[in-house]
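Asker: Sharing a structure here in structure tokens format.
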Amino acid sequence: MKNRDIITLFTTRIIRLFCYGLLSVILALYLAQVGLPEQQIGLLFTLTLAGDAGISLWLTTSADRFGRKRTLIVGALLMLGAGVVFIVTHDVVFLLTAAIIGVISPSGNEIGPFLSVEQAALTQLLPNEKRTQAFAWYNLAGSFATATGALAGGWLAQAFRFRGMSELDAYRAVLTGYAFGGFILAVLFLSLSRNVEATAASQAGPTRRVLGLHRSRGVVIRLSALFALDAFAGGLIVQAMIAYWFHVKFGIDAGIIGSIFFGANILAGFSALLAVRLANRIGLINTMVFTHVPSNLLLILVPLMPTLPLAIAVLLLRFSISQMDVPTRQSYTMAVVSPDERSAASGVTSIARSVGAAISPSLTGVFFAVPALLSVPFYLAGGLKIVYDLLLYRGFRTMKPPEER
């Protein structure tokens with residue numbers, strides 16, 4: 001039964017990230033076709049991430065009491081609902097409402113309550129010594145799914161155009177696939193067993209809790225602040241905005257953009273898997289920092305490339321090491337908190353990242369509206385991420401997870 005639940009959780013991860021990749025390539029292009037200017041697109045993305053932060057905080061910190069299975073089903077229905085609204089209306093007010101309440105991923109990355117609840121369930125279903133490896137494969141599966149989704153989204157839109165559809169209708173057809181993905185997720189989550197739920201022992205502990213945290217509250221708050229800074233920087237260059245930047249800068253169509261992100265996300269997936277071997281040698285924190293700094297230097301170099309092939313090459317090189325901090329970060333968070341705080345710790349740190357990422361897309365929209373500032377988000381993102389790396393190393397290099405002591 002546990003193995004079936006593990007397979008189901010990996011399957012839902014793959015389907016969800018495929019849909020997120022599908023959406024990320026065409027979302028900004030679709031909204032531009034609807035008639036939204038760059039500032040409103042950036043604002044909508046900001047409100048999407050802000051709404052996700054609030055709803056996910058409520059869902060993830062109460063998941064152990066409300067039920068992890070129920071929480072995941074609610075998230076899937078919110079994804080389905082948001083997709084339907086984006087398909088059927090062009091009204092800015094309705095789009096903003098769906099963005100705030102629903103689950104829409106402009107970045108191609110995880111959004112909603114899914115990641116935190118699934119990680120808590122997987123940690124419960126697997127032995128501790130397999131935690132980092134399982135998270136690496138979990139992230140690899142997601143990266144492959146995002147890559148395939150990005151490729152499919154771009155070329156599906158292009159194929160619909162070749163068949164005579166308008167650009168707007170082609171993007172709307174891709175959005176239909178996103179909404180359908182939410183429906184499939186809801187069906188799959190219904191099949192999970194009670195093994196994914198928090199046990200009575202895992203919920204036992206001090207009665208005084210804040211957002212489900214007690215003994216590890218200080219550690220989680222410090223990590224959350226740093227993760228929020230990293231996510232704010234990442235929010236400046238979400239995948240949908242990078243896709244739009246390539247379209248404006250080099251005039252390439254959605255099919256080529258989708259191919260770029262297919263390769264980028266494949267490389268990112270392998271980088272997450274390689275992180276396990278590196279972490280076994282130099283430790284989780286060192287792996288997070290020593291791979292993230294060069295990744296961010298490469299990010300700064302992308303807009304400095306004079307030609308499209310060079311810009312693509314630097315972006316792909318960046319993605320080849322960009323995700324090595326992800327499974328290590330997730331594993332480190334689970335390792336340094338008390339066992340009965342893992343769901344809450346995952347939820348709070350994930351929400352901190354959502355809050356951090358919520359503000360920055362609107363800034364990118366402002367920059368993109370001014371041709372001379374088109375590349376500024378890349379410089380800001382890379383610089384702020386390096387600051388995050390240095391602060392993380394300074395604050396946590398001496399706090400070792402159990403397997404490194």
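Ordering of the structure tokens sets the chain letters (A, B, ...), residue numbers begin anew at 1 in every chain, and ligands are numbered from 1 in the order given.
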Any idea what's packed within 10 Å of Ser56 of chain A, counting only C-alpha atoms, ignoring anything in its chain fewer than 2 positions away? Could you give it as JSON, numbers by chain?
Answerer: {"A": [50, 51, 52, 53, 54, 58, 59, 60, 61, 62, 63, 71, 75, 103, 111, 112, 113, 114, 116, 347, 348, 350, 351, 354]}
Asker: Could you pull out the helix (DSSP H, G or I) residues of segment 83-127 of chain A, going by DSSP on the backbone, and write them as a JSON list (two decimals) with N, CA and C atoms, in the first residue's frame?
Answerer:
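Writing done, so here's selection.json:
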```
[["chain", "number", "residue", "atom", "x", "y", "z"],
["A", 83, "GLY", "N", -7.95, 27.35, -14.16],
["A", 83, "GLY", "CA", -7.78, 27.12, -15.58],
["A", 83, "GLY", "C", -9.04, 27.40, -16.37],
["A", 84, "VAL", "N", -10.18, 26.99, -15.83],
["A", 84, "VAL", "CA", -11.46, 27.22, -16.51],
["A", 84, "VAL", "C", -11.75, 28.72, -16.64],
["A", 85, "VAL", "N", -11.51, 29.48, -15.57],
["A", 85, "VAL", "CA", -11.77, 30.93, -15.60],
["A", 85, "VAL", "C", -10.89, 31.60, -16.65],
["A", 86, "PHE", "N", -9.62, 31.23, -16.71],
["A", 86, "PHE", "CA", -8.71, 31.83, -17.68],
["A", 86, "PHE", "C", -9.14, 31.52, -19.12],
["A", 87, "ILE", "N", -9.79, 30.38, -19.30],
["A", 87, "ILE", "CA", -10.24, 30.00, -20.64],
["A", 87, "ILE", "C", -11.47, 30.79, -21.07],
["A", 88, "VAL", "N", -12.43, 30.96, -20.16],
["A", 88, "VAL", "CA", -13.76, 31.44, -20.56],
["A", 88, "VAL", "C", -13.91, 32.95, -20.50],
["A", 92, "VAL", "N", -10.48, 41.47, -16.85],
["A", 92, "VAL", "CA", -9.32, 41.58, -15.96],
["A", 92, "VAL", "C", -9.70, 41.26, -14.53],
["A", 93, "VAL", "N", -10.87, 41.71, -14.11],
["A", 93, "VAL", "CA", -11.29, 41.48, -12.72],
["A", 93, "VAL", "C", -11.44, 39.99, -12.44],
["A", 94, "PHE", "N", -12.09, 39.26, -13.36],
["A", 94, "PHE", "CA", -12.25, 37.82, -13.16],
["A", 94, "PHE", "C", -10.91, 37.10, -13.23],
["A", 95, "LEU", "N", -10.03, 37.54, -14.14],
["A", 95, "LEU", "CA", -8.71, 36.93, -14.23],
["A", 95, "LEU", "C", -7.92, 37.14, -12.95],
["A", 96, "LEU", "N", -7.97, 38.35, -12.41],
["A", 96, "LEU", "CA", -7.27, 38.64, -11.16],
["A", 96, "LEU", "C", -7.83, 37.81, -10.01],
["A", 97, "THR", "N", -9.17, 37.69, -9.98],
["A", 97, "THR", "CA", -9.80, 36.89, -8.92],
["A", 97, "THR", "C", -9.37, 35.44, -9.00],
["A", 98, "ALA", "N", -9.37, 34.88, -10.21],
["A", 98, "ALA", "CA", -8.94, 33.50, -10.39],
["A", 98, "ALA", "C", -7.47, 33.33, -10.04],
["A", 99, "ALA", "N", -6.67, 34.35, -10.36],
["A", 99, "ALA", "CA", -5.24, 34.28, -10.06],
["A", 99, "ALA", "C", -5.00, 34.27, -8.56],
["A", 100, "ILE", "N", -5.80, 35.03, -7.82],
["A", 100, "ILE", "CA", -5.61, 35.13, -6.36],
["A", 100, "ILE", "C", -6.11, 33.87, -5.66],
["A", 101, "ILE", "N", -7.29, 33.40, -6.04],
["A", 101, "ILE", "CA", -7.92, 32.29, -5.34],
["A", 101, "ILE", "C", -7.45, 30.94, -5.87],
["A", 114, "PHE", "N", 0.59, 21.58, -2.78],
["A", 114, "PHE", "CA", 0.98, 20.23, -3.13],
["A", 114, "PHE", "C", 2.36, 19.83, -2.59],
["A", 115, "LEU", "N", 3.37, 20.65, -2.85],
["A", 115, "LEU", "CA", 4.74, 20.27, -2.52],
["A", 115, "LEU", "C", 4.91, 19.97, -1.04],
["A", 116, "SER", "N", 4.43, 20.86, -0.19],
["A", 116, "SER", "CA", 4.62, 20.69, 1.25],
["A", 116, "SER", "C", 3.95, 19.43, 1.76],
["A", 117, "VAL", "N", 2.72, 19.19, 1.33],
["A", 117, "VAL", "CA", 1.98, 18.03, 1.81],
["A", 117, "VAL", "C", 2.58, 16.74, 1.26],
["A", 118, "GLU", "N", 2.96, 16.75, -0.01],
["A", 118, "GLU", "CA", 3.55, 15.55, -0.60],
["A", 118, "GLU", "C", 4.90, 15.23, 0.04],
["A", 119, "GLN", "N", 5.70, 16.26, 0.34],
["A", 119, "GLN", "CA", 6.99, 16.01, 0.98],
["A", 119, "GLN", "C", 6.81, 15.41, 2.37],
["A", 120, "ALA", "N", 5.86, 15.95, 3.13],
["A", 120, "ALA", "CA", 5.59, 15.40, 4.46],
["A", 120, "ALA", "C", 5.14, 13.94, 4.36],
["A", 121, "ALA", "N", 4.30, 13.64, 3.37],
["A", 121, "ALA", "CA", 3.82, 12.27, 3.19],
["A", 121, "ALA", "C", 4.96, 11.34, 2.78],
["A", 122, "LEU", "N", 5.80, 11.79, 1.86],
["A", 122, "LEU", "CA", 6.92, 10.96, 1.41],
["A", 122, "LEU", "C", 7.91, 10.71, 2.53],
["A", 123, "THR", "N", 8.18, 11.73, 3.35],
["A", 123, "THR", "CA", 9.09, 11.56, 4.48],
["A", 123, "THR", "C", 8.55, 10.51, 5.44],
["A", 124, "GLN", "N", 7.24, 10.45, 5.57],
["A", 124, "GLN", "CA", 6.60, 9.46, 6.45],
["A", 124, "GLN", "C", 6.62, 8.06, 5.83],
["A", 125, "LEU", "N", 6.53, 8.00, 4.51],
["A", 125, "LEU", "CA", 6.44, 6.71, 3.83],
["A", 125, "LEU", "C", 7.81, 6.06, 3.60]]
```
Asker: Please identify every residue of segment 335-358 of chain A that has at least one atom no farther than 12 Å from an atom of segment 311-329 of chain A, counting only C-alpha atoms, and for each give the shortest atom pair and the distance in Å to one decimal, arranged by chain then increasing number, as CSV.
Answerer:
```
residue,atom,partner,partner_atom,distance
A:Ala335,CA,A:Arg329,CA,9.8
A:Val336,CA,A:Arg329,CA,10.8
A:Ser346,CA,A:Arg329,CA,10.5
A:Thr349,CA,A:Arg329,CA,10.4
A:Ser350,CA,A:Arg329,CA,11.1
```
Asker: Using only C-alpha atoms, which of the listed residues (A:Val366, A:Leu185, A:Ala145, A:Ala231) sits closest to Gly263 of chain A?
Answerer: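 Distance minimum relative to Gly263 of chain A lands on A:Ala145.
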Asker: Do a neighbour search on Val276 of chain A at 8 Å with only C-alpha atoms, toss out local chain neighbours closer than 4 positions, and write the hits as a PyMOL selection string.
Answerer: chain A and resi 132-133+136+272+280+327-328
Asker: Compile the contact shell of segment 387-397 of chain A as a tab-separated table (two decimals) with all heavy atoms, in the first residue's frame: residues with an atom at most 12 Å away, counting only C-alpha atoms, same-chain residues fewer than 6 positions apart removed.
Answerer:
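Writing done, so here's out-v5.tsv:
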```tsv
chain	number	residue	atom	x	y	z
A	219	VAL	N	14.64	28.11	13.97
A	219	VAL	CA	15.35	27.64	12.78
A	219	VAL	C	14.50	27.85	11.53
A	219	VAL	O	14.99	28.34	10.50
A	219	VAL	CB	15.72	26.15	12.92
A	219	VAL	CG1	16.28	25.60	11.62
A	219	VAL	CG2	16.71	25.95	14.06
A	220	VAL	N	13.23	27.51	11.64
A	220	VAL	CA	12.35	27.63	10.48
A	220	VAL	C	12.16	29.09	10.09
A	220	VAL	O	12.13	29.43	8.90
A	220	VAL	CB	10.99	26.96	10.77
A	220	VAL	CG1	10.00	27.23	9.64
A	220	VAL	CG2	11.16	25.46	10.97
A	222	ARG	N	14.33	31.55	10.51
A	222	ARG	CA	15.55	32.01	9.85
A	222	ARG	C	15.67	31.47	8.44
A	222	ARG	O	16.02	32.20	7.50
A	222	ARG	CB	16.77	31.59	10.69
A	222	ARG	CG	16.91	32.36	12.00
A	222	ARG	CD	17.84	31.65	12.97
A	222	ARG	NE	19.16	31.45	12.37
A	222	ARG	CZ	20.04	30.54	12.79
A	222	ARG	NH1	19.71	29.71	13.78
A	222	ARG	NH2	21.22	30.44	12.22
A	223	LEU	N	15.38	30.19	8.28
A	223	LEU	CA	15.41	29.61	6.94
A	223	LEU	C	14.38	30.26	6.03
A	223	LEU	O	14.65	30.54	4.86
A	223	LEU	CB	15.16	28.10	7.02
A	223	LEU	CG	16.30	27.22	7.52
A	223	LEU	CD1	15.83	25.78	7.71
A	223	LEU	CD2	17.48	27.25	6.56
A	224	SER	N	13.20	30.51	6.58
A	224	SER	CA	12.12	31.10	5.79
A	224	SER	C	12.50	32.48	5.28
A	224	SER	O	12.20	32.84	4.13
A	224	SER	CB	10.84	31.17	6.62
A	224	SER	OG	10.39	29.88	6.97
A	225	ALA	N	13.16	33.28	6.12
A	225	ALA	CA	13.56	34.61	5.70
A	225	ALA	C	14.55	34.54	4.54
A	225	ALA	O	14.44	35.30	3.56
A	225	ALA	CB	14.18	35.36	6.89
A	226	LEU	N	15.50	33.62	4.62
A	226	LEU	CA	16.48	33.48	3.55
A	226	LEU	C	15.83	32.92	2.28
A	226	LEU	O	16.11	33.39	1.17
A	226	LEU	CB	17.61	32.57	4.00
A	226	LEU	CG	18.53	33.15	5.07
A	226	LEU	CD1	19.50	32.10	5.61
A	226	LEU	CD2	19.31	34.34	4.50
A	227	PHE	N	14.96	31.94	2.45
A	227	PHE	CA	14.29	31.37	1.28
A	227	PHE	C	13.40	32.42	0.60
A	227	PHE	O	13.23	32.39	-0.63
A	227	PHE	CB	13.45	30.15	1.68
A	227	PHE	CG	14.26	28.97	2.14
A	227	PHE	CD1	13.64	27.89	2.78
A	227	PHE	CD2	15.63	28.92	1.94
A	227	PHE	CE1	14.38	26.79	3.20
A	227	PHE	CE2	16.39	27.83	2.37
A	227	PHE	CZ	15.76	26.76	3.00
A	228	ALA	N	12.81	33.31	1.39
A	228	ALA	CA	11.99	34.37	0.81
A	228	ALA	C	12.82	35.31	-0.06
A	228	ALA	O	12.39	35.75	-1.13
A	228	ALA	CB	11.29	35.16	1.92
A	229	LEU	N	14.05	35.62	0.40
A	229	LEU	CA	14.95	36.46	-0.39
A	229	LEU	C	15.30	35.77	-1.70
A	229	LEU	O	15.27	36.40	-2.78
A	229	LEU	CB	16.22	36.75	0.42
A	229	LEU	CG	17.34	37.49	-0.34
A	229	LEU	CD1	16.88	38.86	-0.80
A	229	LEU	CD2	18.59	37.61	0.55
A	230	ASP	N	15.63	34.50	-1.63
A	230	ASP	CA	15.97	33.74	-2.84
A	230	ASP	C	14.79	33.70	-3.80
A	230	ASP	O	14.95	33.87	-5.02
A	230	ASP	CB	16.38	32.33	-2.44
A	230	ASP	CG	16.74	31.47	-3.64
A	230	ASP	OD1	17.49	31.93	-4.51
A	230	ASP	OD2	16.25	30.32	-3.71
A	231	ALA	N	13.60	33.49	-3.27
A	231	ALA	CA	12.40	33.41	-4.11
A	231	ALA	C	12.04	34.77	-4.71
A	231	ALA	O	11.56	34.84	-5.85
A	231	ALA	CB	11.23	32.86	-3.31
A	232	PHE	N	12.24	35.85	-3.94
A	232	PHE	CA	12.01	37.19	-4.49
A	232	PHE	C	12.88	37.40	-5.72
A	232	PHE	O	12.42	37.91	-6.75
A	232	PHE	CB	12.32	38.25	-3.43
A	232	PHE	CG	12.27	39.65	-3.95
A	232	PHE	CD1	11.06	40.34	-4.03
A	232	PHE	CD2	13.43	40.30	-4.38
A	232	PHE	CE1	11.00	41.63	-4.53
A	232	PHE	CE2	13.38	41.60	-4.87
A	232	PHE	CZ	12.17	42.26	-4.95
A	233	ALA	N	14.15	37.01	-5.60
A	233	ALA	CA	15.05	37.16	-6.73
A	233	ALA	C	14.61	36.28	-7.89
A	233	ALA	O	14.59	36.71	-9.05
A	233	ALA	CB	16.47	36.80	-6.31
A	234	GLY	N	14.21	35.04	-7.59
A	234	GLY	CA	13.74	34.15	-8.64
A	234	GLY	C	12.47	34.63	-9.31
A	234	GLY	O	12.27	34.42	-10.50
A	282	ILE	N	30.36	16.61	0.34
A	282	ILE	CA	30.69	17.91	0.94
A	282	ILE	C	29.61	18.44	1.87
A	282	ILE	O	29.80	19.48	2.50
A	282	ILE	CB	31.01	18.97	-0.15
A	282	ILE	CG1	29.76	19.29	-0.97
A	282	ILE	CG2	32.14	18.49	-1.05
A	282	ILE	CD1	29.96	20.43	-1.97
A	283	GLY	N	28.47	17.76	1.97
A	283	GLY	CA	27.41	18.19	2.87
A	283	GLY	C	26.31	18.97	2.16
A	283	GLY	O	26.51	19.51	1.06
A	284	LEU	N	25.15	19.04	2.80
A	284	LEU	CA	23.97	19.68	2.19
A	284	LEU	C	24.15	21.18	2.00
A	284	LEU	O	23.89	21.72	0.92
A	284	LEU	CB	22.73	19.39	3.04
A	284	LEU	CG	22.26	17.93	3.08
A	284	LEU	CD1	21.13	17.76	4.08
A	284	LEU	CD2	21.81	17.47	1.70
A	285	ILE	N	24.59	21.88	3.06
A	285	ILE	CA	24.74	23.34	2.95
A	285	ILE	C	25.79	23.72	1.92
A	285	ILE	O	25.58	24.61	1.09
A	285	ILE	CB	25.08	23.95	4.32
A	285	ILE	CG1	23.85	23.94	5.23
A	285	ILE	CG2	25.59	25.40	4.16
A	285	ILE	CD1	22.75	24.89	4.80
A	286	ASN	N	26.93	23.04	1.93
A	286	ASN	CA	27.99	23.34	0.96
A	286	ASN	C	27.51	23.10	-0.47
A	286	ASN	O	27.82	23.88	-1.38
A	286	ASN	CB	29.23	22.50	1.25
A	286	ASN	CG	29.96	22.94	2.49
A	286	ASN	OD1	29.77	24.06	2.97
A	286	ASN	ND2	30.82	22.08	3.03
A	287	THR	N	26.75	22.04	-0.67
A	287	THR	CA	26.21	21.76	-2.00
A	287	THR	C	25.26	22.87	-2.44
A	287	THR	O	25.29	23.34	-3.59
A	287	THR	CB	25.48	20.41	-2.02
A	287	THR	OG1	26.38	19.38	-1.64
A	287	THR	CG2	24.93	20.10	-3.41
A	288	MET	N	24.40	23.31	-1.53
A	288	MET	CA	23.45	24.37	-1.85
A	288	MET	C	24.17	25.65	-2.29
A	288	MET	O	23.81	26.26	-3.30
A	288	MET	CB	22.57	24.66	-0.63
A	288	MET	CG	21.61	23.54	-0.27
A	288	MET	SD	20.94	23.68	1.41
A	288	MET	CE	19.98	25.19	1.27
A	289	VAL	N	25.18	26.04	-1.55
A	289	VAL	CA	25.85	27.33	-1.79
A	289	VAL	C	26.84	27.25	-2.95
A	289	VAL	O	26.83	28.10	-3.85
A	289	VAL	CB	26.56	27.81	-0.52
A	289	VAL	CG1	27.38	29.07	-0.80
A	289	VAL	CG2	25.54	28.08	0.58
A	290	PHE	N	27.69	26.21	-2.96
A	290	PHE	CA	28.78	26.16	-3.92
A	290	PHE	C	28.31	25.89	-5.35
A	290	PHE	O	29.07	26.13	-6.30
A	290	PHE	CB	29.80	25.10	-3.50
A	290	PHE	CG	30.50	25.39	-2.19
A	290	PHE	CD1	31.18	24.39	-1.52
A	290	PHE	CD2	30.44	26.66	-1.62
A	290	PHE	CE1	31.81	24.66	-0.30
A	290	PHE	CE2	31.06	26.94	-0.41
A	290	PHE	CZ	31.74	25.94	0.25
A	291	THR	N	27.09	25.41	-5.51
A	291	THR	CA	26.54	25.25	-6.87
A	291	THR	C	25.65	26.42	-7.27
A	291	THR	O	25.49	26.70	-8.46
A	291	THR	CB	25.72	23.95	-6.97
A	291	THR	OG1	24.60	23.99	-6.06
A	291	THR	CG2	26.58	22.74	-6.66
A	292	HIS	N	25.09	27.11	-6.28
A	292	HIS	CA	24.14	28.19	-6.55
A	292	HIS	C	24.85	29.46	-7.01
A	292	HIS	O	24.34	30.19	-7.87
A	292	HIS	CB	23.32	28.47	-5.29
A	292	HIS	CG	21.93	28.94	-5.56
A	292	HIS	ND1	21.34	29.97	-4.87
A	292	HIS	CD2	20.99	28.52	-6.45
A	292	HIS	CE1	20.12	30.17	-5.32
A	292	HIS	NE2	19.87	29.29	-6.28
A	293	VAL	N	26.02	29.75	-6.45
A	293	VAL	CA	26.74	30.98	-6.80
A	293	VAL	C	27.11	31.01	-8.29
A	293	VAL	O	26.79	31.99	-8.99
A	293	VAL	CB	27.98	31.18	-5.90
A	293	VAL	CG1	28.84	32.32	-6.44
A	293	VAL	CG2	27.56	31.48	-4.47
A	294	PRO	N	27.80	29.99	-8.83
A	294	PRO	CA	28.09	30.03	-10.27
A	294	PRO	C	26.84	30.03	-11.14
A	294	PRO	O	26.83	30.64	-12.22
A	294	PRO	CB	28.94	28.78	-10.50
A	294	PRO	CG	28.71	27.90	-9.33
A	294	PRO	CD	28.43	28.82	-8.18
A	295	SER	N	25.78	29.38	-10.69
A	295	SER	CA	24.52	29.41	-11.43
A	295	SER	C	24.00	30.83	-11.57
A	295	SER	O	23.53	31.23	-12.65
A	295	SER	CB	23.49	28.53	-10.71
A	295	SER	OG	22.20	28.74	-11.22
A	296	ASN	N	24.12	31.61	-10.52
A	296	ASN	CA	23.60	32.98	-10.55
A	296	ASN	C	24.51	33.92	-11.34
A	296	ASN	O	24.03	34.89	-11.93
A	296	ASN	CB	23.42	33.48	-9.12
A	296	ASN	CG	22.38	32.67	-8.37
A	296	ASN	OD1	21.37	32.28	-8.94
A	296	ASN	ND2	22.63	32.38	-7.11
A	297	LEU	N	25.79	33.64	-11.35
A	297	LEU	CA	26.69	34.42	-12.21
A	297	LEU	C	26.33	34.20	-13.68
A	297	LEU	O	26.34	35.15	-14.48
A	297	LEU	CB	28.14	34.02	-11.95
A	297	LEU	CG	28.72	34.42	-10.59
A	297	LEU	CD1	30.10	33.83	-10.39
A	297	LEU	CD2	28.78	35.95	-10.46
A	325	ASP	N	20.54	22.83	-5.64
A	325	ASP	CA	20.22	23.25	-4.27
A	325	ASP	C	18.81	22.85	-3.85
A	325	ASP	O	18.47	22.96	-2.67
A	325	ASP	CB	20.37	24.77	-4.13
A	325	ASP	CG	19.27	25.53	-4.87
A	325	ASP	OD1	19.06	25.23	-6.05
A	325	ASP	OD2	18.64	26.42	-4.26
A	329	ARG	N	18.10	21.47	-0.27
A	329	ARG	CA	17.39	22.42	0.59
A	329	ARG	C	16.19	21.75	1.25
A	329	ARG	O	15.95	21.91	2.46
A	329	ARG	CB	16.91	23.61	-0.25
A	329	ARG	CG	16.16	24.68	0.54
A	329	ARG	CD	15.63	25.76	-0.36
A	329	ARG	NE	14.52	25.30	-1.18
A	329	ARG	CZ	14.42	25.46	-2.49
A	329	ARG	NH1	15.37	26.08	-3.16
A	329	ARG	NH2	13.36	25.01	-3.15
A	332	TYR	N	17.47	19.22	3.83
A	332	TYR	CA	18.04	19.90	4.99
A	332	TYR	C	16.93	20.41	5.91
A	332	TYR	O	16.99	20.25	7.14
A	332	TYR	CB	18.92	21.06	4.54
A	332	TYR	CG	19.62	21.78	5.66
A	332	TYR	CD1	20.80	21.27	6.20
A	332	TYR	CD2	19.12	22.98	6.18
A	332	TYR	CE1	21.46	21.92	7.24
A	332	TYR	CE2	19.77	23.63	7.22
A	332	TYR	CZ	20.94	23.10	7.73
A	332	TYR	OH	21.58	23.74	8.77
A	333	THR	N	15.89	20.98	5.34
A	333	THR	CA	14.78	21.50	6.15
A	333	THR	C	14.11	20.37	6.93
A	333	THR	O	13.81	20.52	8.12
A	333	THR	CB	13.75	22.20	5.25
A	333	THR	OG1	14.38	23.25	4.52
A	333	THR	CG2	12.61	22.78	6.08
A	336	VAL	N	16.60	19.15	9.98
A	336	VAL	CA	16.99	19.97	11.14
A	336	VAL	C	15.80	20.40	11.99
A	336	VAL	O	15.97	21.17	12.93
A	336	VAL	CB	17.79	21.23	10.69
A	336	VAL	CG1	19.09	20.81	10.02
A	336	VAL	CG2	16.95	22.12	9.77
A	380	LEU	N	19.37	41.98	-11.40
A	380	LEU	CA	18.87	42.03	-10.02
A	380	LEU	C	18.72	40.63	-9.43
A	380	LEU	O	19.11	40.37	-8.29
A	380	LEU	CB	17.53	42.75	-9.97
A	380	LEU	CG	17.54	44.28	-10.02
A	380	LEU	CD1	16.11	44.82	-9.99
A	380	LEU	CD2	18.33	44.86	-8.86
A	381	ALA	N	18.15	39.73	-10.21
A	381	ALA	CA	17.92	38.37	-9.72
A	381	ALA	C	19.23	37.68	-9.38
A	381	ALA	O	19.39	37.10	-8.30
A	381	ALA	CB	17.16	37.56	-10.77
A	404	GLU	N	25.34	14.04	8.91
A	404	GLU	CA	26.66	14.67	8.76
A	404	GLU	C	27.37	14.89	10.10
A	404	GLU	O	28.48	15.42	10.13
A	404	GLU	CB	26.51	16.01	8.03
A	404	GLU	CG	26.02	15.87	6.60
A	404	GLU	CD	25.81	17.22	5.92
A	404	GLU	OE1	26.43	18.21	6.37
A	404	GLU	OE2	25.05	17.28	4.95
```
Asker: Hey, what's within 9 Å of Gln158 of chain A if we count only C-alpha atoms and toss same-chain stuff fewer than 2 positions away? As a PyMOL selection string, please?
Answerer: chain A and resi 153-156+160-163+167+170+253-255
Asker: At a cut-off of 10 Å, can you tabulate as CSV every residue of segment 2-28 of chain A near segment 32-47 of chain A together with its closest atom pair and the distance in Å to one decimal, using only C-alpha atoms and ordering rows by chain then number?
Answerer:
```
residue,atom,partner,partner_atom,distance
A:Ile26,CA,A:Ala32,CA,9.8
A:Leu27,CA,A:Ala32,CA,8.6
A:Ala28,CA,A:Ala32,CA,6.1
```
Asker: Just give me the gap between atom CA of Leu31 of chain A and atom CA of Pro306 of chain A in Å, one decimal is fine.
Answerer: 28.3 Å
Asker: Report the distance between atom CA of Leu374 of chain A and atom CA of Phe144 of chain A in Å, rounded to one decimal place.
Answerer: 29.1 Å
Asker: Using atom CA of Ser343 of chain A and atom CA of Arg68 of chain A as the two end points, give the distance in Å to one decimal.
Answerer: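 About the pair atom CA of Ser343 of chain A and atom CA of Arg68 of chain A: they are 9.7 Å apart.
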Asker: Taking only C-alpha atoms into account, name the residue in A:Ser259, A:Ser362, A:Ser271, A:Thr89 that is nearest to Arg172 of chain A.
Answerer: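 With only C-alpha atoms as the atom set, the closest residue is A:Thr89.
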Asker: Closest to Gly102 of chain A among A:Val238, A:Ala150, A:Leu267, A:Ile55, using only C-alpha atoms?
Answerer: A:Ile55
Asker: Determine the nearest neighbour of Phe261 of chain A from the options A:Ala345, A:Arg16, A:Tyr138, A:Ile242, counting only C-alpha atoms.
Answerer: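 Nearest candidate to Phe261 of chain A out of A:Ala345, A:Arg16, A:Tyr138, A:Ile242: A:Ile242.
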Asker: Excluding Phe18 of chain A and residues on its chain fewer than 2 positions from it, collect all residues at most 8 Å away from it, counting only C-alpha atoms, and give them as a list in words.
Answerer: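 With the cut-off at 8 Å, the set is Ile14, Ile15, Arg16, Tyr20, Gly21, Leu22, Gly142, Ala145, Thr146, Ala147, Thr148, Gly149 and Ala150 of chain A.
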Asker: Which polymer residues have any atom within 8 Å of an atom of Ser143 of chain A, counting only C-alpha atoms, with same-chain residues fewer than 6 positions away left out, as an MDAnalysis selection string?
Answerer: chainID A and resid 17 265:266 268:269
Asker: Measuring between only C-alpha atoms, which one of A:Gly182, A:Leu299, A:Ala141, A:Lys249 shows the shortest distance to Ala372 of chain A?
Answerer: A:Lys249
